[in-house]
file upload_4.pdb (PDB, N, CA and C atoms, pLDDT in the B column)
ATOM      1  N   MET A   1       0.850  -1.171   0.000  1.00 65.00           N
ATOM      2  CA  MET A   1       0.000   0.000   0.000  1.00 65.00           C
ATOM      3  C   MET A   1       0.896   1.234   0.000  1.00 65.00           C
ATOM      4  N   SER A   2       0.515   2.212  -0.776  1.00 83.00           N
ATOM      5  CA  SER A   2       1.323   3.429  -0.856  1.00 83.00           C
ATOM      6  C   SER A   2       1.119   4.310   0.377  1.00 83.00           C
ATOM      7  N   GLY A   3       2.058   5.214   0.560  1.00 87.00           N
ATOM      8  CA  GLY A   3       1.972   6.128   1.687  1.00 87.00           C
ATOM      9  C   GLY A   3       0.722   6.980   1.649  1.00 87.00           C
ATOM     10  N   THR A   4       0.333   7.386   0.447  1.00 90.00           N
ATOM     11  CA  THR A   4      -0.855   8.230   0.304  1.00 90.00           C
ATOM     12  C   THR A   4      -2.115   7.474   0.730  1.00 90.00           C
ATOM     13  N   LYS A   5      -2.199   6.204   0.342  1.00 93.00           N
ATOM     14  CA  LYS A   5      -3.371   5.402   0.727  1.00 93.00           C
ATOM     15  C   LYS A   5      -3.419   5.204   2.242  1.00 93.00           C
ATOM     16  N   ASP A   6      -2.246   4.951   2.834  1.00 93.00           N
ATOM     17  CA  ASP A   6      -2.204   4.786   4.288  1.00 93.00           C
ATOM     18  C   ASP A   6      -2.670   6.060   4.986  1.00 93.00           C
ATOM     19  N   LYS A   7      -2.194   7.204   4.502  1.00 93.00           N
ATOM     20  CA  LYS A   7      -2.579   8.471   5.128  1.00 93.00           C
ATOM     21  C   LYS A   7      -4.074   8.729   4.963  1.00 93.00           C
ATOM     22  N   ALA A   8      -4.629   8.410   3.791  1.00 94.00           N
ATOM     23  CA  ALA A   8      -6.060   8.617   3.560  1.00 94.00           C
ATOM     24  C   ALA A   8      -6.895   7.718   4.467  1.00 94.00           C
ATOM     25  N   LYS A   9      -6.509   6.457   4.576  1.00 95.00           N
ATOM     26  CA  LYS A   9      -7.244   5.549   5.464  1.00 95.00           C
ATOM     27  C   LYS A   9      -7.124   6.006   6.907  1.00 95.00           C
ATOM     28  N   GLY A  10      -5.957   6.505   7.260  1.00 95.00           N
ATOM     29  CA  GLY A  10      -5.750   7.004   8.610  1.00 95.00           C
ATOM     30  C   GLY A  10      -6.656   8.177   8.927  1.00 95.00           C
ATOM     31  N   LEU A  11      -6.764   9.110   7.978  1.00 95.00           N
ATOM     32  CA  LEU A  11      -7.649  10.259   8.170  1.00 95.00           C
ATOM     33  C   LEU A  11      -9.099   9.812   8.331  1.00 95.00           C
ATOM     34  N   ALA A  12      -9.503   8.847   7.520  1.00 96.00           N
ATOM     35  CA  ALA A  12     -10.877   8.343   7.599  1.00 96.00           C
ATOM     36  C   ALA A  12     -11.136   7.695   8.962  1.00 96.00           C
ATOM     37  N   ASN A  13     -10.193   6.871   9.417  1.00 96.00           N
ATOM     38  CA  ASN A  13     -10.365   6.220  10.716  1.00 96.00           C
ATOM     39  C   ASN A  13     -10.393   7.233  11.848  1.00 96.00           C
ATOM     40  N   GLU A  14      -9.566   8.259  11.749  1.00 97.00           N
ATOM     41  CA  GLU A  14      -9.583   9.304  12.780  1.00 97.00           C
ATOM     42  C   GLU A  14     -10.934  10.011  12.811  1.00 97.00           C
ATOM     43  N   ALA A  15     -11.456  10.334  11.634  1.00 97.00           N
ATOM     44  CA  ALA A  15     -12.736  11.042  11.560  1.00 97.00           C
ATOM     45  C   ALA A  15     -13.868  10.199  12.149  1.00 97.00           C
ATOM     46  N   VAL A  16     -13.927   8.931  11.751  1.00 97.00           N
ATOM     47  CA  VAL A  16     -14.978   8.049  12.264  1.00 97.00           C
ATOM     48  C   VAL A  16     -14.816   7.864  13.777  1.00 97.00           C
ATOM     49  N   GLY A  17     -13.574   7.745  14.216  1.00 97.00           N
ATOM     50  CA  GLY A  17     -13.316   7.606  15.649  1.00 97.00           C
ATOM     51  C   GLY A  17     -13.788   8.809  16.434  1.00 97.00           C
ATOM     52  N   ASN A  18     -13.537   9.998  15.890  1.00 97.00           N
ATOM     53  CA  ASN A  18     -13.983  11.221  16.561  1.00 97.00           C
ATOM     54  C   ASN A  18     -15.498  11.296  16.619  1.00 97.00           C
ATOM     55  N   ILE A  19     -16.153  10.880  15.556  1.00 97.00           N
ATOM     56  CA  ILE A  19     -17.622  10.881  15.534  1.00 97.00           C
ATOM     57  C   ILE A  19     -18.157   9.905  16.575  1.00 97.00           C
ATOM     58  N   LYS A  20     -17.570   8.712  16.626  1.00 97.00           N
ATOM     59  CA  LYS A  20     -18.014   7.725  17.618  1.00 97.00           C
ATOM     60  C   LYS A  20     -17.835   8.259  19.037  1.00 97.00           C
ATOM     61  N   GLN A  21     -16.712   8.919  19.283  1.00 97.00           N
ATOM     62  CA  GLN A  21     -16.478   9.474  20.611  1.00 97.00           C
ATOM     63  C   GLN A  21     -17.528  10.529  20.946  1.00 97.00           C
ATOM     64  N   GLY A  22     -17.849  11.363  19.970  1.00 97.00           N
ATOM     65  CA  GLY A  22     -18.853  12.403  20.194  1.00 97.00           C
ATOM     66  C   GLY A  22     -20.219  11.829  20.478  1.00 97.00           C
ATOM     67  N   VAL A  23     -20.609  10.833  19.695  1.00 97.00           N
ATOM     68  CA  VAL A  23     -21.912  10.194  19.911  1.00 97.00           C
ATOM     69  C   VAL A  23     -21.918   9.481  21.254  1.00 97.00           C
ATOM     70  N   GLY A  24     -20.818   8.830  21.583  1.00 97.00           N
ATOM     71  CA  GLY A  24     -20.722   8.143  22.872  1.00 97.00           C
ATOM     72  C   GLY A  24     -20.826   9.104  24.040  1.00 97.00           C
ATOM     73  N   LYS A  25     -20.236  10.283  23.878  1.00 97.00           N
ATOM     74  CA  LYS A  25     -20.295  11.283  24.945  1.00 97.00           C
ATOM     75  C   LYS A  25     -21.724  11.809  25.114  1.00 97.00           C
ATOM     76  N   VAL A  26     -22.377  12.110  24.000  1.00 97.00           N
ATOM     77  CA  VAL A  26     -23.742  12.652  24.042  1.00 97.00           C
ATOM     78  C   VAL A  26     -24.720  11.630  24.618  1.00 97.00           C
ATOM     79  N   THR A  27     -24.539  10.360  24.243  1.00 97.00           N
ATOM     80  CA  THR A  27     -25.463   9.323  24.696  1.00 97.00           C
ATOM     81  C   THR A  27     -25.003   8.659  25.996  1.00 97.00           C
ATOM     82  N   ASP A  28     -23.883   9.124  26.538  1.00 97.00           N
ATOM     83  CA  ASP A  28     -23.309   8.562  27.760  1.00 97.00           C
ATOM     84  C   ASP A  28     -23.024   7.075  27.606  1.00 97.00           C
ATOM     85  N   ASN A  29     -22.444   6.712  26.441  1.00 97.00           N
ATOM     86  CA  ASN A  29     -22.118   5.326  26.123  1.00 97.00           C
ATOM     87  C   ASN A  29     -20.597   5.169  26.182  1.00 97.00           C
ATOM     88  N   ASP A  30     -20.107   4.620  27.283  1.00 97.00           N
ATOM     89  CA  ASP A  30     -18.663   4.468  27.479  1.00 97.00           C
ATOM     90  C   ASP A  30     -18.031   3.533  26.456  1.00 97.00           C
ATOM     91  N   ARG A  31     -18.743   2.479  26.077  1.00 97.00           N
ATOM     92  CA  ARG A  31     -18.204   1.528  25.104  1.00 97.00           C
ATOM     93  C   ARG A  31     -17.973   2.203  23.760  1.00 97.00           C
ATOM     94  N   LEU A  32     -18.920   3.008  23.319  1.00 97.00           N
ATOM     95  CA  LEU A  32     -18.799   3.698  22.034  1.00 97.00           C
ATOM     96  C   LEU A  32     -17.653   4.713  22.079  1.00 97.00           C
ATOM     97  N   ARG A  33     -17.508   5.382  23.206  1.00 97.00           N
ATOM     98  CA  ARG A  33     -16.391   6.330  23.357  1.00 97.00           C
ATOM     99  C   ARG A  33     -15.059   5.594  23.273  1.00 97.00           C
ATOM    100  N   ALA A  34     -14.968   4.427  23.905  1.00 97.00           N
ATOM    101  CA  ALA A  34     -13.730   3.645  23.876  1.00 97.00           C
ATOM    102  C   ALA A  34     -13.433   3.147  22.466  1.00 97.00           C
ATOM    103  N   GLU A  35     -14.464   2.672  21.772  1.00 97.00           N
ATOM    104  CA  GLU A  35     -14.284   2.233  20.379  1.00 97.00           C
ATOM    105  C   GLU A  35     -13.793   3.392  19.519  1.00 97.00           C
ATOM    106  N   GLY A  36     -14.371   4.553  19.727  1.00 97.00           N
ATOM    107  CA  GLY A  36     -13.980   5.733  18.958  1.00 97.00           C
ATOM    108  C   GLY A  36     -12.544   6.123  19.218  1.00 97.00           C
ATOM    109  N   LYS A  37     -12.128   6.066  20.462  1.00 97.00           N
ATOM    110  CA  LYS A  37     -10.745   6.410  20.807  1.00 97.00           C
ATOM    111  C   LYS A  37      -9.779   5.414  20.170  1.00 97.00           C
ATOM    112  N   ALA A  38     -10.122   4.132  20.217  1.00 97.00           N
ATOM    113  CA  ALA A  38      -9.278   3.098  19.614  1.00 97.00           C
ATOM    114  C   ALA A  38      -9.165   3.320  18.106  1.00 97.00           C
ATOM    115  N   GLN A  39     -10.270   3.646  17.469  1.00 97.00           N
ATOM    116  CA  GLN A  39     -10.254   3.866  16.022  1.00 97.00           C
ATOM    117  C   GLN A  39      -9.459   5.121  15.681  1.00 97.00           C
ATOM    118  N   GLU A  40      -9.565   6.143  16.511  1.00 97.00           N
ATOM    119  CA  GLU A  40      -8.795   7.361  16.290  1.00 97.00           C
ATOM    120  C   GLU A  40      -7.294   7.063  16.374  1.00 97.00           C
ATOM    121  N   LEU A  41      -6.892   6.290  17.374  1.00 97.00           N
ATOM    122  CA  LEU A  41      -5.487   5.933  17.526  1.00 97.00           C
ATOM    123  C   LEU A  41      -4.993   5.082  16.358  1.00 97.00           C
ATOM    124  N   LYS A  42      -5.854   4.193  15.874  1.00 97.00           N
ATOM    125  CA  LYS A  42      -5.510   3.382  14.705  1.00 97.00           C
ATOM    126  C   LYS A  42      -5.258   4.291  13.508  1.00 97.00           C
ATOM    127  N   GLY A  43      -6.105   5.288  13.340  1.00 96.00           N
ATOM    128  CA  GLY A  43      -5.943   6.232  12.242  1.00 96.00           C
ATOM    129  C   GLY A  43      -4.647   7.021  12.345  1.00 96.00           C
ATOM    130  N   GLU A  44      -4.303   7.425  13.555  1.00 96.00           N
ATOM    131  CA  GLU A  44      -3.049   8.157  13.753  1.00 96.00           C
ATOM    132  C   GLU A  44      -1.858   7.276  13.388  1.00 96.00           C
ATOM    133  N   ALA A  45      -1.929   5.997  13.750  1.00 96.00           N
ATOM    134  CA  ALA A  45      -0.843   5.069  13.425  1.00 96.00           C
ATOM    135  C   ALA A  45      -0.751   4.862  11.909  1.00 96.00           C
ATOM    136  N   GLN A  46      -1.889   4.735  11.237  1.00 95.00           N
ATOM    137  CA  GLN A  46      -1.888   4.568   9.789  1.00 95.00           C
ATOM    138  C   GLN A  46      -1.269   5.783   9.107  1.00 95.00           C
ATOM    139  N   GLN A  47      -1.580   6.956   9.600  1.00 95.00           N
ATOM    140  CA  GLN A  47      -0.995   8.163   9.014  1.00 95.00           C
ATOM    141  C   GLN A  47       0.514   8.180   9.213  1.00 95.00           C
ATOM    142  N   ALA A  48       0.970   7.755  10.374  1.00 95.00           N
ATOM    143  CA  ALA A  48       2.413   7.720  10.640  1.00 95.00           C
ATOM    144  C   ALA A  48       3.110   6.746   9.697  1.00 95.00           C
ATOM    145  N   VAL A  49       2.480   5.605   9.443  1.00 94.00           N
ATOM    146  CA  VAL A  49       3.044   4.626   8.502  1.00 94.00           C
ATOM    147  C   VAL A  49       3.119   5.239   7.111  1.00 94.00           C
ATOM    148  N   GLY A  50       2.071   5.916   6.704  1.00 92.00           N
ATOM    149  CA  GLY A  50       2.062   6.563   5.385  1.00 92.00           C
ATOM    150  C   GLY A  50       3.140   7.612   5.246  1.00 92.00           C
ATOM    151  N   LYS A  51       3.325   8.405   6.285  1.00 93.00           N
ATOM    152  CA  LYS A  51       4.375   9.426   6.251  1.00 93.00           C
ATOM    153  C   LYS A  51       5.744   8.792   6.192  1.00 93.00           C
ATOM    154  N   ALA A  52       5.930   7.700   6.915  1.00 93.00           N
ATOM    155  CA  ALA A  52       7.219   7.000   6.904  1.00 93.00           C
ATOM    156  C   ALA A  52       7.496   6.420   5.517  1.00 93.00           C
ATOM    157  N   LYS A  53       6.486   5.843   4.895  1.00 91.00           N
ATOM    158  CA  LYS A  53       6.657   5.294   3.549  1.00 91.00           C
ATOM    159  C   LYS A  53       7.036   6.392   2.568  1.00 91.00           C
ATOM    160  N   ASP A  54       6.359   7.537   2.675  1.00 90.00           N
ATOM    161  CA  ASP A  54       6.668   8.654   1.790  1.00 90.00           C
ATOM    162  C   ASP A  54       8.089   9.160   2.017  1.00 90.00           C
ATOM    163  N   ALA A  55       8.523   9.188   3.268  1.00 90.00           N
ATOM    164  CA  ALA A  55       9.872   9.667   3.590  1.00 90.00           C
ATOM    165  C   ALA A  55      10.931   8.720   3.027  1.00 90.00           C
ATOM    166  N   LEU A  56      10.655   7.420   3.034  1.00 89.00           N
ATOM    167  CA  LEU A  56      11.606   6.443   2.507  1.00 89.00           C
ATOM    168  C   LEU A  56      11.735   6.521   0.989  1.00 89.00           C
ATOM    169  N   LYS A  57      10.698   6.976   0.329  1.00 84.00           N
ATOM    170  CA  LYS A  57      10.724   7.070  -1.139  1.00 84.00           C
ATOM    171  C   LYS A  57      11.575   8.247  -1.611  1.00 84.00           C
ATOM    172  N   LYS A  58      11.725   9.255  -0.776  1.00 76.00           N
ATOM    173  CA  LYS A  58      12.482  10.442  -1.163  1.00 76.00           C
ATOM    174  C   LYS A  58      13.972  10.142  -1.123  1.00 76.00           C
ATOM    175  N   PRO A  59      14.697  10.569  -2.166  1.00 71.00           N
ATOM    176  CA  PRO A  59      16.157  10.294  -2.205  1.00 71.00           C
ATOM    177  C   PRO A  59      16.951  11.116  -1.228  1.00 71.00           C
TER     178      PRO A  59
END

call {"tool": "encode", "arguments": {"input": "upload_4.pdb", "output": "C-alpha cells"}}
result
Amino acid sequence: MSGTKDKAKGLANEAVGNIKQGVGKVTDNDRLRAEGKAQELKGEAQQAVGKAKDALKKP
C-alpha cells in the first residue's frame, strides 16, 4: 500500500473515531467512546506509517 493510501485511510479512521467518541459522549455510552478512541489511535498510526513510507521514497 502506498503512503498516500495509508494516510487517507488514517484520516478516515480518525474522523470516524472522533464521531463515535462524540456520539458516545452525548449518549453517555462508554463503550462507544472507547471504540472511537481506539479507532482514532488506529488512524493516527496509519498516518504515521504513510508518512514513513513517503519519507523512505524520497532520495

call {"tool": "resolve_selection", "arguments": {"input": "upload_4.pdb", "expression": "the PyMOL selection byres ((chain A and resi 17) around 8)", "output": "number ranges by chain"}}
result
A: 11-16, 18-23, 32-33, 35-41, 43

call {"tool": "atom_distance", "arguments": {"input": "upload_4.pdb", "atom1": "atom C of Ala8 in chain A", "atom2": "atom N of Gln46 in chain A"}}
result
8.9 Å

call {"tool": "atom_distance", "arguments": {"input": "upload_4.pdb", "atom1": "atom N of Glu44 in chain A", "atom2": "atom N of Asp6 in chain A"}}
result
11.2 Å

call {"tool": "atom_distance", "arguments": {"input": "upload_4.pdb", "atom1": "CA of Lys9 in chain A", "atom2": "CA of Lys51 in chain A"}}
result
12.3 Å

call {"tool": "axis_aligned_box", "arguments": {"input": "upload_4.pdb", "around": "range 5-16 of chain A", "padding_each_side": "5 Å", "output": "lines of an AutoDock Vina configuration file"}}
result
center_x = -8.6
center_y = 7.9
center_z = 7.1
size_x = 22.8
size_y = 16.3
size_z = 23.4

call {"tool": "residues_around", "arguments": {"input": "upload_4.pdb", "residues": "Gly50 in chain A", "least_positions_apart": "2", "cutoff": "5 Å", "atoms": "all atoms listed in the file", "output": "list in words"}}
result
Gly3, Asp6, Lys7, Gln46, Gln47, Ala48, Ala52, Lys53 and Asp54 of chain A

call {"tool": "decode", "arguments": {"input": "upload_4.pdb", "residues": "range 31-56 of chain A", "atoms": "N, CA, C and O atoms", "output": "PDB file, in the first residue's frame"}}
result
ATOM      1  N   ARG A  31     -18.743   2.479  26.077  1.00  0.00           N
ATOM      2  CA  ARG A  31     -18.204   1.528  25.104  1.00  0.00           C
ATOM      3  C   ARG A  31     -17.973   2.203  23.760  1.00  0.00           C
ATOM      4  O   ARG A  31     -16.944   2.009  23.125  1.00  0.00           O
ATOM      5  N   LEU A  32     -18.920   3.008  23.319  1.00  0.00           N
ATOM      6  CA  LEU A  32     -18.799   3.698  22.034  1.00  0.00           C
ATOM      7  C   LEU A  32     -17.653   4.713  22.079  1.00  0.00           C
ATOM      8  O   LEU A  32     -16.910   4.857  21.120  1.00  0.00           O
ATOM      9  N   ARG A  33     -17.508   5.382  23.206  1.00  0.00           N
ATOM     10  CA  ARG A  33     -16.391   6.330  23.357  1.00  0.00           C
ATOM     11  C   ARG A  33     -15.059   5.594  23.273  1.00  0.00           C
ATOM     12  O   ARG A  33     -14.129   6.058  22.620  1.00  0.00           O
ATOM     13  N   ALA A  34     -14.968   4.427  23.905  1.00  0.00           N
ATOM     14  CA  ALA A  34     -13.730   3.645  23.876  1.00  0.00           C
ATOM     15  C   ALA A  34     -13.433   3.147  22.466  1.00  0.00           C
ATOM     16  O   ALA A  34     -12.288   3.187  22.002  1.00  0.00           O
ATOM     17  N   GLU A  35     -14.464   2.672  21.772  1.00  0.00           N
ATOM     18  CA  GLU A  35     -14.284   2.233  20.379  1.00  0.00           C
ATOM     19  C   GLU A  35     -13.793   3.392  19.519  1.00  0.00           C
ATOM     20  O   GLU A  35     -12.919   3.229  18.666  1.00  0.00           O
ATOM     21  N   GLY A  36     -14.371   4.553  19.727  1.00  0.00           N
ATOM     22  CA  GLY A  36     -13.980   5.733  18.958  1.00  0.00           C
ATOM     23  C   GLY A  36     -12.544   6.123  19.218  1.00  0.00           C
ATOM     24  O   GLY A  36     -11.801   6.459  18.286  1.00  0.00           O
ATOM     25  N   LYS A  37     -12.128   6.066  20.462  1.00  0.00           N
ATOM     26  CA  LYS A  37     -10.745   6.410  20.807  1.00  0.00           C
ATOM     27  C   LYS A  37      -9.779   5.414  20.170  1.00  0.00           C
ATOM     28  O   LYS A  37      -8.742   5.801  19.622  1.00  0.00           O
ATOM     29  N   ALA A  38     -10.122   4.132  20.217  1.00  0.00           N
ATOM     30  CA  ALA A  38      -9.278   3.098  19.614  1.00  0.00           C
ATOM     31  C   ALA A  38      -9.165   3.320  18.106  1.00  0.00           C
ATOM     32  O   ALA A  38      -8.077   3.193  17.529  1.00  0.00           O
ATOM     33  N   GLN A  39     -10.270   3.646  17.469  1.00  0.00           N
ATOM     34  CA  GLN A  39     -10.254   3.866  16.022  1.00  0.00           C
ATOM     35  C   GLN A  39      -9.459   5.121  15.681  1.00  0.00           C
ATOM     36  O   GLN A  39      -8.746   5.160  14.684  1.00  0.00           O
ATOM     37  N   GLU A  40      -9.565   6.143  16.511  1.00  0.00           N
ATOM     38  CA  GLU A  40      -8.795   7.361  16.290  1.00  0.00           C
ATOM     39  C   GLU A  40      -7.294   7.063  16.374  1.00  0.00           C
ATOM     40  O   GLU A  40      -6.511   7.515  15.532  1.00  0.00           O
ATOM     41  N   LEU A  41      -6.892   6.290  17.374  1.00  0.00           N
ATOM     42  CA  LEU A  41      -5.487   5.933  17.526  1.00  0.00           C
ATOM     43  C   LEU A  41      -4.993   5.082  16.358  1.00  0.00           C
ATOM     44  O   LEU A  41      -3.860   5.239  15.896  1.00  0.00           O
ATOM     45  N   LYS A  42      -5.854   4.193  15.874  1.00  0.00           N
ATOM     46  CA  LYS A  42      -5.510   3.382  14.705  1.00  0.00           C
ATOM     47  C   LYS A  42      -5.258   4.291  13.508  1.00  0.00           C
ATOM     48  O   LYS A  42      -4.310   4.098  12.741  1.00  0.00           O
ATOM     49  N   GLY A  43      -6.105   5.288  13.340  1.00  0.00           N
ATOM     50  CA  GLY A  43      -5.943   6.232  12.242  1.00  0.00           C
ATOM     51  C   GLY A  43      -4.647   7.021  12.345  1.00  0.00           C
ATOM     52  O   GLY A  43      -3.959   7.245  11.344  1.00  0.00           O
ATOM     53  N   GLU A  44      -4.303   7.425  13.555  1.00  0.00           N
ATOM     54  CA  GLU A  44      -3.049   8.157  13.753  1.00  0.00           C
ATOM     55  C   GLU A  44      -1.858   7.276  13.388  1.00  0.00           C
ATOM     56  O   GLU A  44      -0.897   7.743  12.762  1.00  0.00           O
ATOM     57  N   ALA A  45      -1.929   5.997  13.750  1.00  0.00           N
ATOM     58  CA  ALA A  45      -0.843   5.069  13.425  1.00  0.00           C
ATOM     59  C   ALA A  45      -0.751   4.862  11.909  1.00  0.00           C
ATOM     60  O   ALA A  45       0.352   4.825  11.347  1.00  0.00           O
ATOM     61  N   GLN A  46      -1.889   4.735  11.237  1.00  0.00           N
ATOM     62  CA  GLN A  46      -1.888   4.568   9.789  1.00  0.00           C
ATOM     63  C   GLN A  46      -1.269   5.783   9.107  1.00  0.00           C
ATOM     64  O   GLN A  46      -0.513   5.637   8.143  1.00  0.00           O
ATOM     65  N   GLN A  47      -1.580   6.956   9.600  1.00  0.00           N
ATOM     66  CA  GLN A  47      -0.995   8.163   9.014  1.00  0.00           C
ATOM     67  C   GLN A  47       0.514   8.180   9.213  1.00  0.00           C
ATOM     68  O   GLN A  47       1.257   8.558   8.309  1.00  0.00           O
ATOM     69  N   ALA A  48       0.970   7.755  10.374  1.00  0.00           N
ATOM     70  CA  ALA A  48       2.413   7.720  10.640  1.00  0.00           C
ATOM     71  C   ALA A  48       3.110   6.746   9.697  1.00  0.00           C
ATOM     72  O   ALA A  48       4.191   7.039   9.179  1.00  0.00           O
ATOM     73  N   VAL A  49       2.480   5.605   9.443  1.00  0.00           N
ATOM     74  CA  VAL A  49       3.044   4.626   8.502  1.00  0.00           C
ATOM     75  C   VAL A  49       3.119   5.239   7.111  1.00  0.00           C
ATOM     76  O   VAL A  49       4.129   5.112   6.410  1.00  0.00           O
ATOM     77  N   GLY A  50       2.071   5.916   6.704  1.00  0.00           N
ATOM     78  CA  GLY A  50       2.062   6.563   5.385  1.00  0.00           C
ATOM     79  C   GLY A  50       3.140   7.612   5.246  1.00  0.00           C
ATOM     80  O   GLY A  50       3.820   7.691   4.231  1.00  0.00           O
ATOM     81  N   LYS A  51       3.325   8.405   6.285  1.00  0.00           N
ATOM     82  CA  LYS A  51       4.375   9.426   6.251  1.00  0.00           C
ATOM     83  C   LYS A  51       5.744   8.792   6.192  1.00  0.00           C
ATOM     84  O   LYS A  51       6.633   9.277   5.484  1.00  0.00           O
ATOM     85  N   ALA A  52       5.930   7.700   6.915  1.00  0.00           N
ATOM     86  CA  ALA A  52       7.219   7.000   6.904  1.00  0.00           C
ATOM     87  C   ALA A  52       7.496   6.420   5.517  1.00  0.00           C
ATOM     88  O   ALA A  52       8.623   6.522   5.016  1.00  0.00           O
ATOM     89  N   LYS A  53       6.486   5.843   4.895  1.00  0.00           N
ATOM     90  CA  LYS A  53       6.657   5.294   3.549  1.00  0.00           C
ATOM     91  C   LYS A  53       7.036   6.392   2.568  1.00  0.00           C
ATOM     92  O   LYS A  53       7.914   6.213   1.730  1.00  0.00           O
ATOM     93  N   ASP A  54       6.359   7.537   2.675  1.00  0.00           N
ATOM     94  CA  ASP A  54       6.668   8.654   1.790  1.00  0.00           C
ATOM     95  C   ASP A  54       8.089   9.160   2.017  1.00  0.00           C
ATOM     96  O   ASP A  54       8.799   9.490   1.069  1.00  0.00           O
ATOM     97  N   ALA A  55       8.523   9.188   3.268  1.00  0.00           N
ATOM     98  CA  ALA A  55       9.872   9.667   3.590  1.00  0.00           C
ATOM     99  C   ALA A  55      10.931   8.720   3.027  1.00  0.00           C
ATOM    100  O   ALA A  55      11.989   9.153   2.573  1.00  0.00           O
ATOM    101  N   LEU A  56      10.655   7.420   3.034  1.00  0.00           N
ATOM    102  CA  LEU A  56      11.606   6.443   2.507  1.00  0.00           C
ATOM    103  C   LEU A  56      11.735   6.521   0.989  1.00  0.00           C
ATOM    104  O   LEU A  56      12.775   6.171   0.444  1.00  0.00           O
TER     105      LEU A  56
END
